[in-house]
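Asks: I have a structure here, written as structure tokens, and I will follow up with some questions on it.
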Amino acid sequence: MVERTVELQETKEGVLQGPDPRATERQHAKGKLTARERVDLLLDEGSFVEVEGLRRHRATGFGLEDRRPHTDGVVTGWGTVDGRTVFVYAHDFRVFGGALGEAHAAKIHKIMDLAESAGAPLISLNDGAGARIQEGVTALAGYGGIFTRNVRTSGVIPQISVMMGPCAGGAAYSPALTDFVFMVDGTSQMFITGPDVVEAVTGERITQDGLGGARVHSTVSGVAAFSHPDEESCLEDVRYLLSFLPSNNQEEPPREPTGDRADRRTERLLDLVPADPSRPYDMRAVIEEVVDDGEYLEVHAGWAGNLVCALARIDGQVVGLVANQPMVTAGVLDIDASEKGARFVNTCDAFNIPLVTLVDVPGFLPGADQEHNGIIRHGAKLLYAYCSATVPRVQVILRKAYGGAYIVMDSRSIGADLSFAWPSNEIAVMGAEGAANVVFRREIAAAEDPGVRRAELVDEYRQELMHPYYAAERGLVDDVIDPAATRAVLARSLAALRRKQSPAPYRKHGNPPM
């Protein structure tokens with residue numbers, strides 16, 4: 001037994017060391033950590049428990065029978081982040097380039113099943129060359145098993161994908177099915193067809209980064225929710241994100257005590273937000289004033305900047321904030337903003353995170369390009385997400401809220417539990433100038449001085465239908481509040497709604513616009 005124990009220890013030491021040390025050197029030379037180094041950075045020190053570290057493939061042909069390294073190119077197991085259990089798998093690029101074969105896939109399937117049954121988050125550290133070509137269709141079937149589990153546990157446990165190397169072909173669909181995607185600038189890429197295929201088919205020459213690098217997916221495509229300059233900061237933010245999420249959909253998000261008083265007045269907002277609806281300001285500064293200690297985690301910060309989506313805490317309770325950003329295209333809703341908001345609202349609703357919507361929206365972005373690319377369909381995604389959300393929902397209208405965009409931004413009419421407005425609010429079908437041009441078109445044209453008459457009618461329309469108490473008088477706003485009381489009002493509202501119950505009618509599932 002002593003001899004066998006020594007043999008076991010030597011074998012396991014070899015597993016931990018990995019393949020040829022030169023492979024580790026090559027990995028480091030690319031500015032990349034090894035799979036185990038990444039796992040150690042992600043998890044609490046000494047908490048990792050490996051599963052199937054001795055697994056080896058059983059494939060033959062193309063020389064595979066002579067190359068049977070332990071782990072088969074993926075490290076799987078569980079550990080803790082801030083004391084909470086998480087399950088993790090990490091591709092080891094040093095073994096078969098991290099390519100997925102039958103044994104590799106079986107290990108991932110097992111850890112995904114364990115995460116589901118344990119009700120704990122699943123984190124994938126991706127750095128692989130796709131399907132293992134030598135194993136043919138068996139490898140492709142392995143991806144099918146991963147996709148099926150991604151979908152089955154969607155909205156059940158948080159799923160986080162961290163891209164730390166290449167992810168090509170069908171392999172890219174697993175991250176796309178998860179809740180959050182992180183990427184590392186310069187070393188991670190995602191694409192369905194690589195640069196060589198693109199050039200062969202279209203004649204276009206493009207680099208891997210130009211086709212599917214972190215900057216592309218965090219600013220253009222919207223695939224990546226977060227982008228980081230290096231792996232260390234990336235994994236640190238993964239840990240930070242987990243601090244806002246429950247372990248599963250049957251739990252509440254972690255509550256943290258704070259020294260920031262719930263009834264703290266936010267006097268700075270009086271000067272921060274101009275009363276003139278045409279003047280821009282930074283909505284992020286508003287969020288900083290309202291949330292605990294000014295701390296929040298913005299999701300998709302580089303994409304669709306006209307809408308801000310962020311996780312934060314108010315009086316220790318996790319909230320999801322959706323806010324128009326007047327600094328970017330005046331805060332209008334367009335195709336990308338609608339998709340971004342819909343995805344975020346769905347995620348918060350799935351994991352019991354209350355929603356706070358800060359509204360300052362002039363409408364949907366006009367133009368043939370938006371219409372032809374489906375702004376109706378994409379805008380409906382945000383509308384559907386809000387209408388189906390069952391978590392506590394509180395709306396605050398800071399300034400303008402015009403037309404269909406007002407309705408879509410979680411108005412009372414689509415189910416917001418509470419709606420508040422600042423005394424600078426303007427809620428209407430459209431701005432006063434545009435409304436006057438439509439309603440009083442003939443009268444303006446017939447006036448001796450159309451310019452003067454138009455100004456008079458604009459002012460009349462604003463006084464009659466757009467004064468700050470119009471919506472409150474009709475019960476569409478619960479109260480008009482002092483901006484300096486915004487944090488206190490939100491804290492009290494969220495506390496009152498904490499036990500909200502929203503029984504839904506029986507149905508197999510809805511049919512949201514895609």
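FYI, nothing fancy with the structure tokens labels: chains A, B, ... in order, residues from 1 per chain, ligands from 1 as they appear.
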Based on DSSP run over this structure's backbone, return all residues of stretch 334-435 of chain A in strand (DSSP E or B), as a ChimeraX atom specification.
Replies: /A:355-361,364,393-402,418-421,426-428
Asks: Could you turn the residues from that selection into a file that holds N, CA, C and O atoms, as a short mmCIF file (atom, residue, chain, number, x, y, z; two decimals), in the first residue's frame?
Replies:
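File result_20.cif, as written:
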```cif
data_model
loop_
_atom_site.label_atom_id
_atom_site.label_comp_id
_atom_site.auth_asym_id
_atom_site.auth_seq_id
_atom_site.Cartn_x
_atom_site.Cartn_y
_atom_site.Cartn_z
N LEU A 355 -35.32 45.47 -10.18
CA LEU A 355 -34.95 46.38 -11.26
C LEU A 355 -35.31 47.82 -10.92
O LEU A 355 -36.42 48.11 -10.47
N VAL A 356 -34.35 48.71 -11.11
CA VAL A 356 -34.56 50.14 -10.97
C VAL A 356 -34.27 50.77 -12.33
O VAL A 356 -33.18 50.60 -12.89
N THR A 357 -35.26 51.46 -12.89
CA THR A 357 -35.13 52.06 -14.22
C THR A 357 -35.12 53.58 -14.11
O THR A 357 -36.07 54.17 -13.59
N LEU A 358 -34.02 54.19 -14.56
CA LEU A 358 -33.86 55.64 -14.54
C LEU A 358 -34.11 56.17 -15.95
O LEU A 358 -33.37 55.82 -16.89
N VAL A 359 -35.15 56.98 -16.10
CA VAL A 359 -35.64 57.33 -17.43
C VAL A 359 -35.33 58.78 -17.79
O VAL A 359 -35.64 59.71 -17.03
N ASP A 360 -34.72 58.96 -18.95
CA ASP A 360 -34.54 60.27 -19.57
C ASP A 360 -34.39 60.01 -21.06
O ASP A 360 -33.29 60.00 -21.60
N VAL A 361 -35.51 59.74 -21.73
CA VAL A 361 -35.46 59.21 -23.09
C VAL A 361 -36.32 60.05 -24.04
O VAL A 361 -37.49 60.30 -23.79
N PHE A 364 -37.43 56.57 -29.67
CA PHE A 364 -36.63 55.62 -30.44
C PHE A 364 -35.89 56.35 -31.55
O PHE A 364 -36.39 57.36 -32.08
N ARG A 393 -40.04 46.09 -9.38
CA ARG A 393 -39.65 47.01 -10.45
C ARG A 393 -40.03 48.43 -10.06
O ARG A 393 -41.20 48.72 -9.78
N VAL A 394 -39.05 49.32 -10.03
CA VAL A 394 -39.27 50.72 -9.65
C VAL A 394 -38.73 51.62 -10.76
O VAL A 394 -37.59 51.46 -11.19
N GLN A 395 -39.56 52.55 -11.20
CA GLN A 395 -39.19 53.48 -12.26
C GLN A 395 -39.02 54.89 -11.68
O GLN A 395 -39.82 55.31 -10.84
N VAL A 396 -37.98 55.59 -12.12
CA VAL A 396 -37.79 56.99 -11.75
C VAL A 396 -37.60 57.79 -13.03
O VAL A 396 -36.67 57.52 -13.81
N ILE A 397 -38.47 58.76 -13.29
CA ILE A 397 -38.38 59.59 -14.48
C ILE A 397 -37.68 60.90 -14.10
O ILE A 397 -38.21 61.69 -13.33
N LEU A 398 -36.49 61.09 -14.63
CA LEU A 398 -35.69 62.26 -14.27
C LEU A 398 -36.12 63.49 -15.06
O LEU A 398 -36.36 64.55 -14.48
N ARG A 399 -36.19 63.34 -16.36
CA ARG A 399 -36.57 64.49 -17.20
C ARG A 399 -37.58 64.01 -18.26
O ARG A 399 -38.69 63.66 -17.92
N LYS A 400 -37.18 63.96 -19.51
CA LYS A 400 -38.12 63.66 -20.58
C LYS A 400 -38.39 62.15 -20.69
O LYS A 400 -37.52 61.32 -20.46
N ALA A 401 -39.62 61.84 -21.06
CA ALA A 401 -40.03 60.47 -21.33
C ALA A 401 -41.10 60.55 -22.39
O ALA A 401 -42.28 60.78 -22.10
N TYR A 402 -40.69 60.36 -23.64
CA TYR A 402 -41.57 60.63 -24.77
C TYR A 402 -41.98 59.35 -25.49
O TYR A 402 -41.17 58.43 -25.69
N LEU A 418 -43.84 50.55 -8.86
CA LEU A 418 -43.89 51.94 -8.40
C LEU A 418 -43.20 52.83 -9.42
O LEU A 418 -42.19 52.44 -10.02
N SER A 419 -43.75 54.02 -9.61
CA SER A 419 -43.16 54.99 -10.53
C SER A 419 -43.06 56.33 -9.83
O SER A 419 -44.04 56.82 -9.26
N PHE A 420 -41.87 56.92 -9.90
CA PHE A 420 -41.63 58.24 -9.30
C PHE A 420 -41.07 59.17 -10.38
O PHE A 420 -40.47 58.71 -11.35
N ALA A 421 -41.27 60.45 -10.18
CA ALA A 421 -40.77 61.42 -11.14
C ALA A 421 -40.18 62.61 -10.41
O ALA A 421 -40.65 63.00 -9.34
N GLU A 426 -40.97 65.45 -18.00
CA GLU A 426 -41.85 65.79 -19.11
C GLU A 426 -42.29 64.48 -19.74
O GLU A 426 -41.53 63.83 -20.47
N ILE A 427 -43.50 64.04 -19.45
CA ILE A 427 -44.03 62.79 -19.98
C ILE A 427 -45.08 63.13 -21.02
O ILE A 427 -46.08 63.78 -20.71
N ALA A 428 -44.85 62.71 -22.27
CA ALA A 428 -45.78 63.08 -23.33
C ALA A 428 -45.57 62.17 -24.54
O ALA A 428 -44.61 61.39 -24.60
#
```
Asks: Set the distance at 12 Å and use only C-alpha atoms: which residues neighbour A:Arg215 once local chain neighbours fewer than 4 positions away are removed? I'd like the list as number ranges by chain.
Replies: A: 182-190, 208-211, 219-229, 300-303
Asks: At a cut-off of 10 Å, using only C-alpha atoms, what residues contact A:Ala330? Leave out same-chain residues fewer than 5 positions from it and give the result as a list in words.
Replies: Pro277, Ser278, Arg279, Pro280, Tyr281, Asn306, Asn324, Gln325, Asp360, Val361, Pro362, Gly363 and Leu365 of chain A
Asks: Any chance you can output those residues with N, CA, C and O atoms as a compact mmCIF listing (two decimals), in the first residue's frame?
Replies:
```txt
# COMPACT_ATOMS: atom_id res chain seq x y z
N PRO A 277 -34.17 70.00 -20.81
CA PRO A 277 -34.13 68.62 -21.32
C PRO A 277 -33.19 68.42 -22.49
O PRO A 277 -32.88 67.28 -22.84
N SER A 278 -32.73 69.49 -23.10
CA SER A 278 -31.83 69.36 -24.25
C SER A 278 -30.35 69.31 -23.84
O SER A 278 -29.49 69.03 -24.67
N ARG A 279 -30.06 69.59 -22.57
CA ARG A 279 -28.66 69.60 -22.12
C ARG A 279 -28.26 68.21 -21.61
O ARG A 279 -28.97 67.59 -20.81
N PRO A 280 -27.10 67.70 -22.05
CA PRO A 280 -26.68 66.35 -21.63
C PRO A 280 -26.03 66.35 -20.25
O PRO A 280 -25.64 67.39 -19.72
N TYR A 281 -25.93 65.20 -19.67
CA TYR A 281 -25.22 64.96 -18.41
C TYR A 281 -24.88 63.48 -18.39
O TYR A 281 -25.41 62.68 -19.18
N ASN A 306 -25.74 54.33 -25.25
CA ASN A 306 -26.91 55.16 -24.96
C ASN A 306 -27.82 54.55 -23.91
O ASN A 306 -28.79 55.18 -23.48
N ASN A 324 -31.20 55.39 -19.28
CA ASN A 324 -30.82 56.09 -20.51
C ASN A 324 -29.60 56.97 -20.24
O ASN A 324 -29.44 57.49 -19.14
N GLN A 325 -28.74 57.11 -21.24
CA GLN A 325 -27.52 57.88 -21.09
C GLN A 325 -27.56 59.09 -22.02
O GLN A 325 -27.27 58.99 -23.22
N ASP A 360 -34.72 58.96 -18.95
CA ASP A 360 -34.54 60.27 -19.57
C ASP A 360 -34.39 60.01 -21.06
O ASP A 360 -33.29 60.00 -21.60
N VAL A 361 -35.51 59.74 -21.73
CA VAL A 361 -35.46 59.21 -23.09
C VAL A 361 -36.32 60.05 -24.04
O VAL A 361 -37.49 60.30 -23.79
N PRO A 362 -35.74 60.51 -25.15
CA PRO A 362 -36.50 61.30 -26.12
C PRO A 362 -37.30 60.47 -27.10
O PRO A 362 -38.08 61.00 -27.89
N GLY A 363 -37.10 59.14 -27.10
CA GLY A 363 -37.83 58.28 -28.02
C GLY A 363 -36.92 57.22 -28.62
O GLY A 363 -35.81 56.98 -28.14
N LEU A 365 -34.73 55.86 -31.92
CA LEU A 365 -33.91 56.50 -32.94
C LEU A 365 -34.60 56.40 -34.30
O LEU A 365 -34.87 55.30 -34.78
```
Asks: Residues of stretch 184-282 of chain A that approach stretch 76-96 of chain A to 9 Å or less, counting only C-alpha atoms: could you list each one with the shortest pair of atoms and its distance in Å to one decimal, rows by chain and increasing residue number, as a tab-separated table?
Replies:
```
residue	atom	partner	partner_atom	distance
A:Arg239	CA	A:Val81	CA	6.6
A:Leu242	CA	A:Val81	CA	7.9
A:Ser243	CA	A:Asp82	CA	8.1
A:Ser247	CA	A:Arg84	CA	8.0
```
Asks: Return the single residue from A:Leu177, A:Leu235, A:Ala103, A:Leu382 that is closest to A:Thr71, with distances computed using only C-alpha atoms.
Replies: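 Using only C-alpha atoms, the shortest distance to A:Thr71 belongs to A:Ala103.
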Asks: For A:Gly98, work out the shell of residues within 10 Å, counting only C-alpha atoms and skipping chain neighbours fewer than 4 positions away, then give it as a PyMOL selection string.
Replies: chain A and resi 35+72-74+90-94+104+126-132+165-167
Asks: Could the residues in this selection be written to a file with C-alpha atoms, as a PDB file, in the first residue's frame?
Replies:
```pdb
ATOM      1  CA  ALA A  35      -5.321  26.394 -16.864  1.00  0.00           C
ATOM      2  CA  ASP A  72      -7.294  15.188 -21.792  1.00  0.00           C
ATOM      3  CA  GLY A  73      -6.861  18.928 -22.043  1.00  0.00           C
ATOM      4  CA  VAL A  74      -9.415  20.203 -19.526  1.00  0.00           C
ATOM      5  CA  ALA A  90     -10.639  25.263 -17.710  1.00  0.00           C
ATOM      6  CA  HIS A  91      -9.261  24.288 -21.093  1.00  0.00           C
ATOM      7  CA  ASP A  92      -5.560  23.473 -21.038  1.00  0.00           C
ATOM      8  CA  PHE A  93      -4.142  24.764 -24.311  1.00  0.00           C
ATOM      9  CA  ARG A  94      -0.912  22.867 -23.660  1.00  0.00           C
ATOM     10  CA  HIS A 104     -12.716  16.022 -22.704  1.00  0.00           C
ATOM     11  CA  ASN A 126     -12.082  28.934 -22.399  1.00  0.00           C
ATOM     12  CA  ASP A 127      -8.811  28.511 -24.274  1.00  0.00           C
ATOM     13  CA  GLY A 128      -9.308  25.845 -26.903  1.00  0.00           C
ATOM     14  CA  ALA A 129      -8.885  25.186 -30.600  1.00  0.00           C
ATOM     15  CA  GLY A 130     -12.403  23.819 -31.098  1.00  0.00           C
ATOM     16  CA  ALA A 131     -13.347  20.233 -31.895  1.00  0.00           C
ATOM     17  CA  ARG A 132     -10.564  17.628 -31.982  1.00  0.00           C
ATOM     18  CA  GLY A 165      -7.683  32.244 -25.849  1.00  0.00           C
ATOM     19  CA  PRO A 166      -9.198  31.199 -29.174  1.00  0.00           C
ATOM     20  CA  CYS A 167     -12.771  29.956 -29.418  1.00  0.00           C
TER      21      CYS A 167
END
```
Asks: Could you check the closest approach to A:Arg474 for each of A:Glu135, A:Ile353, A:Arg412, A:Leu490 and tell me which residue wins, using only C-alpha atoms?
Replies: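 Ranked by minimum distance to A:Arg474, first place goes to A:Arg412.
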Asks: Of the residues A:Ile414, A:Val181, A:Ala262, A:Leu16, which is the one nearest to A:Val299, using only C-alpha atoms?
Replies: A:Val181
Asks: What is the distance between atom CA of A:Ala106 and atom CA of A:Gly18, in Å to one decimal?
Replies: 19.9 Å
Asks: Among stretch 249-363 of chain A, which residues does DSSP mark as helix (DSSP H, G or I) when it is run on the backbone? Keep the chain and numbering as in the structure and answer as a PyMOL selection string.
Replies: chain A and resi 269-272+283-290+292-294+329-331+335-350
Asks: Which value, in Å to one decimal, gives the distance between atom CA of A:Cys387 and atom CA of A:Pro513?
Replies: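 It comes out at 12.8 Å.
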Asks: Looking at A:Ala59, A:Ala29, A:Ala171, A:Val286, which one is nearest to A:Thr486, with distances taken over only C-alpha atoms?
Replies: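 Using only C-alpha atoms, the shortest distance to A:Thr486 belongs to A:Val286.
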Asks: May I have the residues within 10 Å of A:Ile314 as a ChimeraX atom specification, using only C-alpha atoms and disregarding those fewer than 3 positions away in the same chain?
Replies: /A:255-256,258,260-262,290-295,317-319,487-488,490-492,494-495
Asks: Just give me the gap between atom CA of A:Ala385 and atom CA of A:Ile157 in Å, one decimal is fine.
Replies: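 Computed distance, atom CA of A:Ala385 to atom CA of A:Ile157, equals 19.0 Å.
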Asks: Restricting the calculation to only C-alpha atoms: of A:Val51, A:Val156, A:Val332, A:Leu297, which residue gets closest to A:Tyr240?
Replies: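 Closest residue, counting only C-alpha atoms: A:Leu297.
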Asks: I want to know what sits within 9 Å of A:Arg149, based on only C-alpha atoms, with residues of the same chain fewer than 6 positions away left out; could you give that as a list in words?
Replies: His109, Met112, Asp113 and Glu116 of chain A
Asks: Give me a file of those residues, with N, CA and C atoms, as a PDB file, in the first residue's frame.
Replies:
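Dumped everything to selection_35.pdb:
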```
ATOM      1  N   HIS A 109     -19.292  17.673 -19.279  1.00  0.00           N
ATOM      2  CA  HIS A 109     -20.679  17.287 -19.007  1.00  0.00           C
ATOM      3  C   HIS A 109     -20.867  16.970 -17.528  1.00  0.00           C
ATOM      4  N   MET A 112     -20.818  20.116 -15.363  1.00  0.00           N
ATOM      5  CA  MET A 112     -22.038  20.889 -15.579  1.00  0.00           C
ATOM      6  C   MET A 112     -23.216  20.247 -14.843  1.00  0.00           C
ATOM      7  N   ASP A 113     -23.290  18.920 -14.888  1.00  0.00           N
ATOM      8  CA  ASP A 113     -24.360  18.215 -14.172  1.00  0.00           C
ATOM      9  C   ASP A 113     -24.235  18.403 -12.669  1.00  0.00           C
ATOM     10  N   GLU A 116     -25.437  21.873 -11.725  1.00  0.00           N
ATOM     11  CA  GLU A 116     -26.899  21.937 -11.754  1.00  0.00           C
ATOM     12  C   GLU A 116     -27.504  21.289 -10.517  1.00  0.00           C
TER      13      GLU A 116
END
```
